[in-house]
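**Student:** Next up is a structure, given as structure tokens.
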Amino acid sequence: MKRLTLLLLLLTGCMRLSAQQTADPLATPATKKLLRQLQGISGKGVLFGHQDDLPYGVGWKYQHGRSDVKDVCGDYPAVYGWDLGHIEMDSPHDLDSVPFDSMRTYVREVNERGGVNTISWHLNNPGNGGSAWDTFRVVKDILPGGTKHHVYTGWLDKVAACLLGLKAADGTLIPIIFRPFHEHTGSWFWWGQRHCTTEEFVQLWRFTVRYLQSKQVHHLLYAYSAADYADAAAYLERYPGDDMVDIIGTDAYQYSSSAAFTALLQQRLGILEKIADARHKVSALTETGYERIPEAGWWTGTLLPILKSYRLAYVLCWRNAHTGHHYVPYQGHGSVADFKKFYDDPATLFERDWKRLSRQL
């Protein structure tokens, strides 16, 4: 039944594709194809994603082919999240201890299986070397003409080199959804709302995109994801322009009741959907989850109704570090049975669903 429903949704979606172009006019054919596919599926089903799904899970690390999601439902996520944090420091691994060499292998495996890769960057503070959460004011200094501009361009060189190393077996570059400077409407990161002006943030985004393009990085879709915002004006206040963004999204986590979380997402996603329609952009719930998932029926009782109510291309749940910090169920978790129901619903698209549908888009 799920397969038949997905086929009907696909046929409907193929007749309703919009004409959005990639922000990078020199985007690779595979990158343009990925954007077209995300456009085609948006509103017909939601790709399910998980951060750091393959390197580790609750109670295990680096077991080839393993995934907490797969352990529970028998299928991999359709979207895989990774992070480049600490590559700027010449570290062999990211801020969550995933070796960059292994990450390259995982990205290739995902691509070969037909999945989608998205990468964020929790970069350290270039002003004092502190973490991404060190809010020492520095954005002005890393812009062209600033005292730390050379530091930032050096870091971007390392990012570009890493991204250019993400190649398929035939040598072609793997398309990546790149999500820099996320949650900028909050102020917990050094690029956040209270730590730079609107003009500085916009200039930082535009410079970053153009610099990567100057390094021949043309396999990225750029995702702009905000945290807190009360209306469209607040969401767009630091928007760098349609020519700089392919995907618009929001990051939102549940911290209290499901009713409060539902109300929050209804408010944010309602705004996001209108902006996406007006600007012909793909929209996504770029980070979400409920730490430890203490409600056994959370997947179908809270998250699924939200996903069915808005035209989102994908949803990304955060990582499974250990029993005290995880966002998808693992074997023996109290929400396993409900997650299986979530998986079986035609509105949720996992890797096998996406592999089948994406060929038609």
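Going by the structure tokens order, chains are called A, B, ..., each with residues numbered from 1, while ligands are numbered from 1 in the order shown.
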Which of region 25-103 of chain A end up as alpha helix (DSSP H) when DSSP is run on this backbone - answer as a ChimeraX atom specification?

**Tutor:** /A:29-41,68-73,100-103

**Student:** Any idea what's packed within 10 Å of region 120-124 of chain A, counting only C-alpha atoms, ignoring anything in its chain fewer than 3 positions away? Could you give it as a PDB file with all heavy atoms, in the first residue's frame?

**Tutor:**
```pdb
ATOM      1  N   GLY A  81      23.034  13.643   7.905  1.00  0.00           N
ATOM      2  CA  GLY A  81      23.680  14.880   8.302  1.00  0.00           C
ATOM      3  C   GLY A  81      25.107  14.653   8.770  1.00  0.00           C
ATOM      4  O   GLY A  81      25.401  13.665   9.459  1.00  0.00           O
ATOM      5  N   TRP A  82      25.996  15.583   8.393  1.00  0.00           N
ATOM      6  CA  TRP A  82      27.406  15.547   8.810  1.00  0.00           C
ATOM      7  C   TRP A  82      27.809  16.956   9.232  1.00  0.00           C
ATOM      8  O   TRP A  82      27.074  17.916   8.998  1.00  0.00           O
ATOM      9  CB  TRP A  82      28.307  15.077   7.659  1.00  0.00           C
ATOM     10  CG  TRP A  82      27.799  13.849   6.971  1.00  0.00           C
ATOM     11  CD1 TRP A  82      27.149  13.779   5.773  1.00  0.00           C
ATOM     12  CD2 TRP A  82      27.871  12.507   7.467  1.00  0.00           C
ATOM     13  NE1 TRP A  82      26.819  12.479   5.478  1.00  0.00           N
ATOM     14  CE2 TRP A  82      27.244  11.671   6.499  1.00  0.00           C
ATOM     15  CE3 TRP A  82      28.399  11.930   8.625  1.00  0.00           C
ATOM     16  CZ2 TRP A  82      27.144  10.294   6.657  1.00  0.00           C
ATOM     17  CZ3 TRP A  82      28.296  10.555   8.780  1.00  0.00           C
ATOM     18  CH2 TRP A  82      27.672   9.741   7.812  1.00  0.00           C
ATOM     19  N   ASP A  83      28.987  17.091   9.817  1.00  0.00           N
ATOM     20  CA  ASP A  83      29.454  18.410  10.231  1.00  0.00           C
ATOM     21  C   ASP A  83      30.953  18.540   9.973  1.00  0.00           C
ATOM     22  O   ASP A  83      31.701  17.571  10.127  1.00  0.00           O
ATOM     23  CB  ASP A  83      29.161  18.660  11.715  1.00  0.00           C
ATOM     24  CG  ASP A  83      29.213  20.132  12.061  1.00  0.00           C
ATOM     25  OD1 ASP A  83      30.305  20.636  12.396  1.00  0.00           O
ATOM     26  OD2 ASP A  83      28.158  20.794  11.988  1.00  0.00           O
ATOM     27  N   LEU A  84      31.373  19.760   9.588  1.00  0.00           N
ATOM     28  CA  LEU A  84      32.790  20.032   9.312  1.00  0.00           C
ATOM     29  C   LEU A  84      33.487  20.729  10.467  1.00  0.00           C
ATOM     30  O   LEU A  84      34.647  21.132  10.323  1.00  0.00           O
ATOM     31  CB  LEU A  84      32.922  20.882   8.044  1.00  0.00           C
ATOM     32  CG  LEU A  84      32.498  20.230   6.732  1.00  0.00           C
ATOM     33  CD1 LEU A  84      32.766  21.183   5.568  1.00  0.00           C
ATOM     34  CD2 LEU A  84      33.225  18.902   6.512  1.00  0.00           C
ATOM     35  N   GLY A  85      32.817  20.901  11.585  1.00  0.00           N
ATOM     36  CA  GLY A  85      33.438  21.565  12.716  1.00  0.00           C
ATOM     37  C   GLY A  85      34.770  20.958  13.092  1.00  0.00           C
ATOM     38  O   GLY A  85      34.886  19.738  13.265  1.00  0.00           O
ATOM     39  N   HIS A  86      35.799  21.787  13.213  1.00  0.00           N
ATOM     40  CA  HIS A  86      37.184  21.471  13.564  1.00  0.00           C
ATOM     41  C   HIS A  86      38.057  21.162  12.358  1.00  0.00           C
ATOM     42  O   HIS A  86      39.269  21.014  12.518  1.00  0.00           O
ATOM     43  CB  HIS A  86      37.283  20.337  14.595  1.00  0.00           C
ATOM     44  CG  HIS A  86      36.783  20.730  15.948  1.00  0.00           C
ATOM     45  ND1 HIS A  86      36.833  19.881  17.042  1.00  0.00           N
ATOM     46  CD2 HIS A  86      36.199  21.882  16.400  1.00  0.00           C
ATOM     47  CE1 HIS A  86      36.304  20.484  18.093  1.00  0.00           C
ATOM     48  NE2 HIS A  86      35.911  21.699  17.718  1.00  0.00           N
ATOM     49  N   ILE A  87      37.471  21.092  11.157  1.00  0.00           N
ATOM     50  CA  ILE A  87      38.350  20.935   9.999  1.00  0.00           C
ATOM     51  C   ILE A  87      39.228  22.172   9.839  1.00  0.00           C
ATOM     52  O   ILE A  87      40.356  22.106   9.355  1.00  0.00           O
ATOM     53  CB  ILE A  87      37.540  20.660   8.715  1.00  0.00           C
ATOM     54  CG1 ILE A  87      38.468  20.058   7.659  1.00  0.00           C
ATOM     55  CG2 ILE A  87      36.834  21.918   8.175  1.00  0.00           C
ATOM     56  CD1 ILE A  87      37.760  19.370   6.535  1.00  0.00           C
ATOM     57  N   GLU A  88      38.698  23.316  10.295  1.00  0.00           N
ATOM     58  CA  GLU A  88      39.461  24.556  10.208  1.00  0.00           C
ATOM     59  C   GLU A  88      40.675  24.544  11.129  1.00  0.00           C
ATOM     60  O   GLU A  88      41.604  25.324  10.956  1.00  0.00           O
ATOM     61  CB  GLU A  88      38.553  25.748  10.541  1.00  0.00           C
ATOM     62  CG  GLU A  88      38.110  25.855  11.988  1.00  0.00           C
ATOM     63  CD  GLU A  88      36.921  24.985  12.352  1.00  0.00           C
ATOM     64  OE1 GLU A  88      36.447  24.214  11.480  1.00  0.00           O
ATOM     65  OE2 GLU A  88      36.453  25.056  13.513  1.00  0.00           O
ATOM     66  N   MET A  89      40.664  23.635  12.120  1.00  0.00           N
ATOM     67  CA  MET A  89      41.772  23.545  13.068  1.00  0.00           C
ATOM     68  C   MET A  89      42.760  22.435  12.697  1.00  0.00           C
ATOM     69  O   MET A  89      43.628  22.086  13.491  1.00  0.00           O
ATOM     70  CB  MET A  89      41.215  23.280  14.483  1.00  0.00           C
ATOM     71  CG  MET A  89      40.123  24.251  14.917  1.00  0.00           C
ATOM     72  SD  MET A  89      40.597  25.992  14.764  1.00  0.00           S
ATOM     73  CE  MET A  89      41.887  26.098  16.000  1.00  0.00           C
ATOM     74  N   ASP A  94      35.922  15.529  13.329  1.00  0.00           N
ATOM     75  CA  ASP A  94      35.039  16.663  13.570  1.00  0.00           C
ATOM     76  C   ASP A  94      34.773  16.845  15.057  1.00  0.00           C
ATOM     77  O   ASP A  94      35.296  16.103  15.897  1.00  0.00           O
ATOM     78  CB  ASP A  94      33.740  16.517  12.764  1.00  0.00           C
ATOM     79  CG  ASP A  94      32.751  15.512  13.348  1.00  0.00           C
ATOM     80  OD1 ASP A  94      33.081  14.801  14.327  1.00  0.00           O
ATOM     81  OD2 ASP A  94      31.622  15.434  12.826  1.00  0.00           O
ATOM     82  N   LEU A  95      33.960  17.814  15.401  1.00  0.00           N
ATOM     83  CA  LEU A  95      33.731  18.129  16.805  1.00  0.00           C
ATOM     84  C   LEU A  95      33.006  17.027  17.555  1.00  0.00           C
ATOM     85  O   LEU A  95      33.010  17.004  18.792  1.00  0.00           O
ATOM     86  CB  LEU A  95      32.984  19.455  16.966  1.00  0.00           C
ATOM     87  CG  LEU A  95      31.478  19.508  16.703  1.00  0.00           C
ATOM     88  CD1 LEU A  95      30.924  20.849  17.194  1.00  0.00           C
ATOM     89  CD2 LEU A  95      31.135  19.298  15.254  1.00  0.00           C
ATOM     90  N   GLY A 127      38.239  34.630  15.916  1.00  0.00           N
ATOM     91  CA  GLY A 127      38.829  35.766  16.615  1.00  0.00           C
ATOM     92  C   GLY A 127      39.705  35.371  17.780  1.00  0.00           C
ATOM     93  O   GLY A 127      40.737  36.005  18.040  1.00  0.00           O
ATOM     94  N   ASN A 128      39.307  34.288  18.474  1.00  0.00           N
ATOM     95  CA  ASN A 128      40.084  33.893  19.656  1.00  0.00           C
ATOM     96  C   ASN A 128      40.315  32.385  19.743  1.00  0.00           C
ATOM     97  O   ASN A 128      40.894  31.912  20.724  1.00  0.00           O
ATOM     98  CB  ASN A 128      39.389  34.382  20.936  1.00  0.00           C
ATOM     99  CG  ASN A 128      37.996  33.793  21.108  1.00  0.00           C
ATOM    100  OD1 ASN A 128      37.568  32.941  20.329  1.00  0.00           O
ATOM    101  ND2 ASN A 128      37.268  34.252  22.123  1.00  0.00           N
ATOM    102  N   GLY A 129      39.865  31.637  18.747  1.00  0.00           N
ATOM    103  CA  GLY A 129      40.089  30.196  18.745  1.00  0.00           C
ATOM    104  C   GLY A 129      39.121  29.415  19.594  1.00  0.00           C
ATOM    105  O   GLY A 129      39.257  28.190  19.722  1.00  0.00           O
ATOM    106  N   GLY A 130      38.141  30.100  20.219  1.00  0.00           N
ATOM    107  CA  GLY A 130      37.155  29.408  21.022  1.00  0.00           C
ATOM    108  C   GLY A 130      36.208  28.589  20.161  1.00  0.00           C
ATOM    109  O   GLY A 130      36.299  28.569  18.931  1.00  0.00           O
ATOM    110  N   SER A 131      35.281  27.924  20.797  1.00  0.00           N
ATOM    111  CA  SER A 131      34.346  27.071  20.079  1.00  0.00           C
ATOM    112  C   SER A 131      33.320  27.910  19.322  1.00  0.00           C
ATOM    113  O   SER A 131      33.292  29.149  19.427  1.00  0.00           O
ATOM    114  CB  SER A 131      33.616  26.151  21.062  1.00  0.00           C
ATOM    115  OG  SER A 131      32.646  26.885  21.803  1.00  0.00           O
ATOM    116  N   ALA A 132      32.461  27.238  18.579  1.00  0.00           N
ATOM    117  CA  ALA A 132      31.382  27.928  17.869  1.00  0.00           C
ATOM    118  C   ALA A 132      30.469  28.663  18.835  1.00  0.00           C
ATOM    119  O   ALA A 132      29.823  29.656  18.470  1.00  0.00           O
ATOM    120  CB  ALA A 132      30.577  26.929  17.034  1.00  0.00           C
ATOM    121  N   TRP A 133      30.431  28.197  20.074  1.00  0.00           N
ATOM    122  CA  TRP A 133      29.567  28.813  21.100  1.00  0.00           C
ATOM    123  C   TRP A 133      30.252  29.946  21.855  1.00  0.00           C
ATOM    124  O   TRP A 133      29.644  30.566  22.729  1.00  0.00           O
ATOM    125  CB  TRP A 133      29.093  27.741  22.085  1.00  0.00           C
ATOM    126  CG  TRP A 133      28.158  26.749  21.462  1.00  0.00           C
ATOM    127  CD1 TRP A 133      26.793  26.782  21.476  1.00  0.00           C
ATOM    128  CD2 TRP A 133      28.507  25.565  20.734  1.00  0.00           C
ATOM    129  NE1 TRP A 133      26.266  25.708  20.797  1.00  0.00           N
ATOM    130  CE2 TRP A 133      27.298  24.943  20.324  1.00  0.00           C
ATOM    131  CE3 TRP A 133      29.718  24.972  20.371  1.00  0.00           C
ATOM    132  CZ2 TRP A 133      27.275  23.755  19.583  1.00  0.00           C
ATOM    133  CZ3 TRP A 133      29.691  23.794  19.631  1.00  0.00           C
ATOM    134  CH2 TRP A 133      28.478  23.206  19.252  1.00  0.00           C
ATOM    135  N   ASP A 134      31.503  30.227  21.518  1.00  0.00           N
ATOM    136  CA  ASP A 134      32.215  31.367  22.106  1.00  0.00           C
ATOM    137  C   ASP A 134      31.774  32.617  21.349  1.00  0.00           C
ATOM    138  O   ASP A 134      32.088  32.790  20.174  1.00  0.00           O
ATOM    139  CB  ASP A 134      33.725  31.161  21.970  1.00  0.00           C
ATOM    140  CG  ASP A 134      34.523  32.232  22.704  1.00  0.00           C
ATOM    141  OD1 ASP A 134      34.157  33.425  22.617  1.00  0.00           O
ATOM    142  OD2 ASP A 134      35.533  31.885  23.339  1.00  0.00           O
ATOM    143  N   TRP A 155      40.672  29.184   6.532  1.00  0.00           N
ATOM    144  CA  TRP A 155      39.727  28.138   6.938  1.00  0.00           C
ATOM    145  C   TRP A 155      38.854  27.702   5.770  1.00  0.00           C
ATOM    146  O   TRP A 155      38.591  26.513   5.586  1.00  0.00           O
ATOM    147  CB  TRP A 155      38.864  28.633   8.095  1.00  0.00           C
ATOM    148  CG  TRP A 155      39.609  28.773   9.388  1.00  0.00           C
ATOM    149  CD1 TRP A 155      40.957  28.629   9.596  1.00  0.00           C
ATOM    150  CD2 TRP A 155      39.052  29.083  10.662  1.00  0.00           C
ATOM    151  NE1 TRP A 155      41.263  28.832  10.913  1.00  0.00           N
ATOM    152  CE2 TRP A 155      40.121  29.117  11.595  1.00  0.00           C
ATOM    153  CE3 TRP A 155      37.764  29.354  11.103  1.00  0.00           C
ATOM    154  CZ2 TRP A 155      39.914  29.385  12.952  1.00  0.00           C
ATOM    155  CZ3 TRP A 155      37.552  29.626  12.458  1.00  0.00           C
ATOM    156  CH2 TRP A 155      38.623  29.646  13.371  1.00  0.00           C
ATOM    157  N   VAL A 159      37.981  23.998   4.009  1.00  0.00           N
ATOM    158  CA  VAL A 159      36.636  23.509   3.727  1.00  0.00           C
ATOM    159  C   VAL A 159      36.507  23.149   2.252  1.00  0.00           C
ATOM    160  O   VAL A 159      35.974  22.088   1.888  1.00  0.00           O
ATOM    161  CB  VAL A 159      35.578  24.556   4.135  1.00  0.00           C
ATOM    162  CG1 VAL A 159      34.200  24.186   3.599  1.00  0.00           C
ATOM    163  CG2 VAL A 159      35.529  24.687   5.652  1.00  0.00           C
ATOM    164  N   ILE A 177      24.055  19.244   0.340  1.00  0.00           N
ATOM    165  CA  ILE A 177      23.315  20.380   0.891  1.00  0.00           C
ATOM    166  C   ILE A 177      24.189  20.988   1.985  1.00  0.00           C
ATOM    167  O   ILE A 177      24.447  20.349   3.007  1.00  0.00           O
ATOM    168  CB  ILE A 177      21.953  19.954   1.476  1.00  0.00           C
ATOM    169  CG1 ILE A 177      21.073  19.344   0.397  1.00  0.00           C
ATOM    170  CG2 ILE A 177      21.253  21.156   2.118  1.00  0.00           C
ATOM    171  CD1 ILE A 177      19.793  18.704   0.936  1.00  0.00           C
ATOM    172  N   PHE A 178      24.697  22.185   1.754  1.00  0.00           N
ATOM    173  CA  PHE A 178      25.603  22.847   2.703  1.00  0.00           C
ATOM    174  C   PHE A 178      24.823  23.881   3.496  1.00  0.00           C
ATOM    175  O   PHE A 178      24.157  24.751   2.925  1.00  0.00           O
ATOM    176  CB  PHE A 178      26.747  23.508   1.937  1.00  0.00           C
ATOM    177  CG  PHE A 178      27.818  24.095   2.825  1.00  0.00           C
ATOM    178  CD1 PHE A 178      28.353  23.375   3.872  1.00  0.00           C
ATOM    179  CD2 PHE A 178      28.298  25.387   2.591  1.00  0.00           C
ATOM    180  CE1 PHE A 178      29.350  23.917   4.680  1.00  0.00           C
ATOM    181  CE2 PHE A 178      29.293  25.938   3.391  1.00  0.00           C
ATOM    182  CZ  PHE A 178      29.820  25.198   4.440  1.00  0.00           C
ATOM    183  N   ARG A 179      24.919  23.793   4.821  1.00  0.00           N
ATOM    184  CA  ARG A 179      24.100  24.629   5.715  1.00  0.00           C
ATOM    185  C   ARG A 179      24.996  25.407   6.678  1.00  0.00           C
ATOM    186  O   ARG A 179      25.131  25.054   7.852  1.00  0.00           O
ATOM    187  CB  ARG A 179      23.110  23.724   6.466  1.00  0.00           C
ATOM    188  CG  ARG A 179      22.006  24.444   7.220  1.00  0.00           C
ATOM    189  CD  ARG A 179      20.960  23.442   7.701  1.00  0.00           C
ATOM    190  NE  ARG A 179      21.538  22.459   8.596  1.00  0.00           N
ATOM    191  CZ  ARG A 179      21.491  22.517   9.933  1.00  0.00           C
ATOM    192  NH1 ARG A 179      20.899  23.536  10.527  1.00  0.00           N
ATOM    193  NH2 ARG A 179      22.034  21.566  10.665  1.00  0.00           N
ATOM    194  N   PRO A 180      25.616  26.482   6.210  1.00  0.00           N
ATOM    195  CA  PRO A 180      26.496  27.255   7.099  1.00  0.00           C
ATOM    196  C   PRO A 180      25.713  28.239   7.964  1.00  0.00           C
ATOM    197  O   PRO A 180      24.569  28.582   7.661  1.00  0.00           O
ATOM    198  CB  PRO A 180      27.380  27.998   6.094  1.00  0.00           C
ATOM    199  CG  PRO A 180      26.466  28.255   4.926  1.00  0.00           C
ATOM    200  CD  PRO A 180      25.570  27.033   4.839  1.00  0.00           C
ATOM    201  N   PHE A 181      26.328  28.689   9.042  1.00  0.00           N
ATOM    202  CA  PHE A 181      25.808  29.776   9.884  1.00  0.00           C
ATOM    203  C   PHE A 181      24.350  29.543  10.283  1.00  0.00           C
ATOM    204  O   PHE A 181      23.524  30.448  10.255  1.00  0.00           O
ATOM    205  CB  PHE A 181      25.967  31.129   9.165  1.00  0.00           C
ATOM    206  CG  PHE A 181      27.334  31.355   8.615  1.00  0.00           C
ATOM    207  CD1 PHE A 181      27.542  31.581   7.258  1.00  0.00           C
ATOM    208  CD2 PHE A 181      28.449  31.310   9.444  1.00  0.00           C
ATOM    209  CE1 PHE A 181      28.815  31.774   6.742  1.00  0.00           C
ATOM    210  CE2 PHE A 181      29.735  31.499   8.951  1.00  0.00           C
ATOM    211  CZ  PHE A 181      29.909  31.732   7.596  1.00  0.00           C
ATOM    212  N   HIS A 182      24.048  28.320  10.676  1.00  0.00           N
ATOM    213  CA  HIS A 182      22.675  27.957  11.021  1.00  0.00           C
ATOM    214  C   HIS A 182      22.276  28.568  12.371  1.00  0.00           C
ATOM    215  O   HIS A 182      23.112  28.958  13.177  1.00  0.00           O
ATOM    216  CB  HIS A 182      22.520  26.440  11.062  1.00  0.00           C
ATOM    217  CG  HIS A 182      23.321  25.765  12.129  1.00  0.00           C
ATOM    218  ND1 HIS A 182      24.692  25.818  12.189  1.00  0.00           N
ATOM    219  CD2 HIS A 182      22.931  25.033  13.199  1.00  0.00           C
ATOM    220  CE1 HIS A 182      25.116  25.137  13.240  1.00  0.00           C
ATOM    221  NE2 HIS A 182      24.071  24.663  13.875  1.00  0.00           N
ATOM    222  N   PHE A 189      25.637  31.146  18.966  1.00  0.00           N
ATOM    223  CA  PHE A 189      26.843  31.018  18.160  1.00  0.00           C
ATOM    224  C   PHE A 189      27.441  32.399  17.906  1.00  0.00           C
ATOM    225  O   PHE A 189      26.730  33.408  17.932  1.00  0.00           O
ATOM    226  CB  PHE A 189      26.542  30.360  16.816  1.00  0.00           C
ATOM    227  CG  PHE A 189      26.048  28.944  16.918  1.00  0.00           C
ATOM    228  CD1 PHE A 189      24.879  28.554  16.275  1.00  0.00           C
ATOM    229  CD2 PHE A 189      26.750  27.993  17.642  1.00  0.00           C
ATOM    230  CE1 PHE A 189      24.418  27.251  16.355  1.00  0.00           C
ATOM    231  CE2 PHE A 189      26.297  26.687  17.735  1.00  0.00           C
ATOM    232  CZ  PHE A 189      25.130  26.314  17.091  1.00  0.00           C
ATOM    233  N   TRP A 190      28.728  32.452  17.568  1.00  0.00           N
ATOM    234  CA  TRP A 190      29.382  33.759  17.379  1.00  0.00           C
ATOM    235  C   TRP A 190      28.859  34.518  16.162  1.00  0.00           C
ATOM    236  O   TRP A 190      29.031  35.729  16.065  1.00  0.00           O
ATOM    237  CB  TRP A 190      30.898  33.620  17.328  1.00  0.00           C
ATOM    238  CG  TRP A 190      31.473  32.715  16.282  1.00  0.00           C
ATOM    239  CD1 TRP A 190      31.933  31.445  16.443  1.00  0.00           C
ATOM    240  CD2 TRP A 190      31.691  33.021  14.890  1.00  0.00           C
ATOM    241  NE1 TRP A 190      32.402  30.927  15.258  1.00  0.00           N
ATOM    242  CE2 TRP A 190      32.274  31.878  14.287  1.00  0.00           C
ATOM    243  CE3 TRP A 190      31.461  34.146  14.098  1.00  0.00           C
ATOM    244  CZ2 TRP A 190      32.612  31.829  12.937  1.00  0.00           C
ATOM    245  CZ3 TRP A 190      31.795  34.104  12.746  1.00  0.00           C
ATOM    246  CH2 TRP A 190      32.357  32.966  12.178  1.00  0.00           C
ATOM    247  N   ALA A 223      21.705  25.933   2.079  1.00  0.00           N
ATOM    248  CA  ALA A 223      20.530  25.935   2.942  1.00  0.00           C
ATOM    249  C   ALA A 223      20.661  27.017   4.009  1.00  0.00           C
ATOM    250  O   ALA A 223      21.680  27.106   4.702  1.00  0.00           O
ATOM    251  CB  ALA A 223      20.354  24.572   3.612  1.00  0.00           C
TER     252      ALA A 223
END
```

**Student:** Quick one: distance from CA of Thr323 (chain A) to CA of Leu303 (chain A) in Å, one decimal?

**Tutor:** 20.9 Å

**Student:** Please identify all polymer residues within 10 Å of region 277-286 of chain A, counting only C-alpha atoms, omitting same-chain residues fewer than 5 positions from it, and present them as a PyMOL selection string.

**Tutor:** chain A and resi 18-22+35-36+38-43+46-49+81+118+179+182+223-227+241-242+245-252+265+268-269+272+307+310-318

**Student:** Using only C-alpha atoms for the distances, tell me which of A:Val72, A:Thr172, A:His64, A:His149 is nearest to Ala30 (chain A).

**Tutor:**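 Ranked by minimum distance to Ala30 (chain A), first place goes to A:Thr172.
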
**Student:** Could you work out how far CA of Val336 (chain A) lies from CA of Val98 (chain A), giving the answer in Å with one decimal?

**Tutor:**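 These atoms are spaced 26.0 Å apart.
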
**Student:** Fewer than 4 positions away in the same chain doesn't count, so skip those; otherwise give me all residues within 7 Å of Val107 (chain A), counting only C-alpha atoms, as a list of chain:residue names.

**Tutor:**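 Here the answer would be A:Met103, A:Asn111, A:Asn117.
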
**Student:** How would the residues just picked look written out with all heavy atoms as a PDB file, in the first residue's frame?

**Tutor:**
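Written output follows (result13.pdb):
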```
ATOM      1  N   MET A 103      34.331  10.131   7.211  1.00  0.00           N
ATOM      2  CA  MET A 103      33.180  10.883   6.725  1.00  0.00           C
ATOM      3  C   MET A 103      33.130  10.866   5.203  1.00  0.00           C
ATOM      4  O   MET A 103      32.057  10.707   4.602  1.00  0.00           O
ATOM      5  CB  MET A 103      33.245  12.330   7.239  1.00  0.00           C
ATOM      6  CG  MET A 103      31.988  13.146   6.990  1.00  0.00           C
ATOM      7  SD  MET A 103      32.150  14.863   7.565  1.00  0.00           S
ATOM      8  CE  MET A 103      32.407  14.627   9.329  1.00  0.00           C
ATOM      9  N   ASN A 111      25.791   8.254  -1.145  1.00  0.00           N
ATOM     10  CA  ASN A 111      25.522   8.625  -2.537  1.00  0.00           C
ATOM     11  C   ASN A 111      25.306   7.389  -3.409  1.00  0.00           C
ATOM     12  O   ASN A 111      24.403   7.356  -4.254  1.00  0.00           O
ATOM     13  CB  ASN A 111      26.681   9.462  -3.070  1.00  0.00           C
ATOM     14  CG  ASN A 111      26.438   9.982  -4.467  1.00  0.00           C
ATOM     15  OD1 ASN A 111      25.556  10.812  -4.694  1.00  0.00           O
ATOM     16  ND2 ASN A 111      27.204   9.509  -5.428  1.00  0.00           N
ATOM     17  N   ASN A 117      23.103  13.760   1.189  1.00  0.00           N
ATOM     18  CA  ASN A 117      24.026  14.224   2.229  1.00  0.00           C
ATOM     19  C   ASN A 117      23.855  15.718   2.479  1.00  0.00           C
ATOM     20  O   ASN A 117      23.803  16.518   1.539  1.00  0.00           O
ATOM     21  CB  ASN A 117      25.478  13.976   1.788  1.00  0.00           C
ATOM     22  CG  ASN A 117      25.856  12.519   1.777  1.00  0.00           C
ATOM     23  OD1 ASN A 117      26.052  11.914   2.833  1.00  0.00           O
ATOM     24  ND2 ASN A 117      25.962  11.926   0.588  1.00  0.00           N
TER      25      ASN A 117
END
```

**Student:** Between CA of Ile293 (chain A) and CA of Tyr62 (chain A), what is the distance, to one decimal in Å?

**Tutor:** 23.6 Å

**Student:** Please list as a ChimeraX atom specification every residue within 9 Å of Val209 (chain A), counting only C-alpha atoms and excluding residues in the same chain fewer than 4 positions away.

**Tutor:** /A:24,204-205,213-214,222,244

**Student:** Now that the selection is made, can you save its residues with all heavy atoms as a short mmCIF file (atom, residue, chain, number, x, y, z; two decimals), in the first residue's frame?

**Tutor:**
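What ended up in selection36.cif:
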```cif
data_model
loop_
_atom_site.label_atom_id
_atom_site.label_comp_id
_atom_site.auth_asym_id
_atom_site.auth_seq_id
_atom_site.Cartn_x
_atom_site.Cartn_y
_atom_site.Cartn_z
N ASP A 24 23.93 28.56 -7.39
CA ASP A 24 25.20 28.57 -8.12
C ASP A 24 24.91 28.35 -9.60
O ASP A 24 24.50 27.26 -10.01
CB ASP A 24 26.11 27.47 -7.59
CG ASP A 24 27.50 27.49 -8.22
OD1 ASP A 24 27.68 28.19 -9.23
OD2 ASP A 24 28.39 26.79 -7.70
N LEU A 204 28.88 38.31 5.19
CA LEU A 204 29.60 37.08 5.50
C LEU A 204 29.08 35.91 4.67
O LEU A 204 29.86 35.14 4.10
CB LEU A 204 29.47 36.76 7.00
CG LEU A 204 30.08 35.44 7.46
CD1 LEU A 204 31.59 35.43 7.24
CD2 LEU A 204 29.75 35.19 8.94
N TRP A 205 27.77 35.78 4.59
CA TRP A 205 27.18 34.69 3.80
C TRP A 205 27.58 34.82 2.34
O TRP A 205 28.04 33.86 1.71
CB TRP A 205 25.66 34.72 3.95
CG TRP A 205 24.97 33.58 3.24
CD1 TRP A 205 24.82 33.42 1.90
CD2 TRP A 205 24.35 32.44 3.86
NE1 TRP A 205 24.14 32.26 1.62
CE2 TRP A 205 23.85 31.64 2.80
CE3 TRP A 205 24.17 32.04 5.18
CZ2 TRP A 205 23.16 30.45 3.04
CZ3 TRP A 205 23.49 30.84 5.42
CH2 TRP A 205 23.00 30.07 4.36
N GLN A 213 32.89 29.24 -4.45
CA GLN A 213 32.74 29.12 -5.90
C GLN A 213 34.04 29.47 -6.63
O GLN A 213 34.37 28.85 -7.64
CB GLN A 213 31.59 30.01 -6.37
CG GLN A 213 30.22 29.51 -5.92
CD GLN A 213 29.11 30.49 -6.22
OE1 GLN A 213 29.35 31.64 -6.61
NE2 GLN A 213 27.87 30.06 -6.02
N SER A 214 34.78 30.44 -6.09
CA SER A 214 36.06 30.80 -6.72
C SER A 214 37.08 29.67 -6.62
O SER A 214 38.05 29.63 -7.38
CB SER A 214 36.63 32.07 -6.07
OG SER A 214 37.21 31.80 -4.80
N TYR A 222 22.77 25.46 -1.20
CA TYR A 222 22.94 26.24 0.03
C TYR A 222 21.64 26.33 0.80
O TYR A 222 20.60 26.74 0.26
CB TYR A 222 23.47 27.64 -0.32
CG TYR A 222 24.89 27.60 -0.83
CD1 TYR A 222 25.15 27.50 -2.19
CD2 TYR A 222 25.96 27.63 0.05
CE1 TYR A 222 26.46 27.44 -2.67
CE2 TYR A 222 27.27 27.58 -0.41
CZ TYR A 222 27.51 27.48 -1.77
OH TYR A 222 28.81 27.40 -2.24
N MET A 244 21.60 33.38 -3.45
CA MET A 244 22.56 32.79 -2.51
C MET A 244 21.98 31.60 -1.76
O MET A 244 22.66 31.00 -0.93
CB MET A 244 22.98 33.85 -1.47
CG MET A 244 23.82 34.97 -2.02
SD MET A 244 25.54 34.44 -2.21
CE MET A 244 25.86 34.97 -3.88
#
```
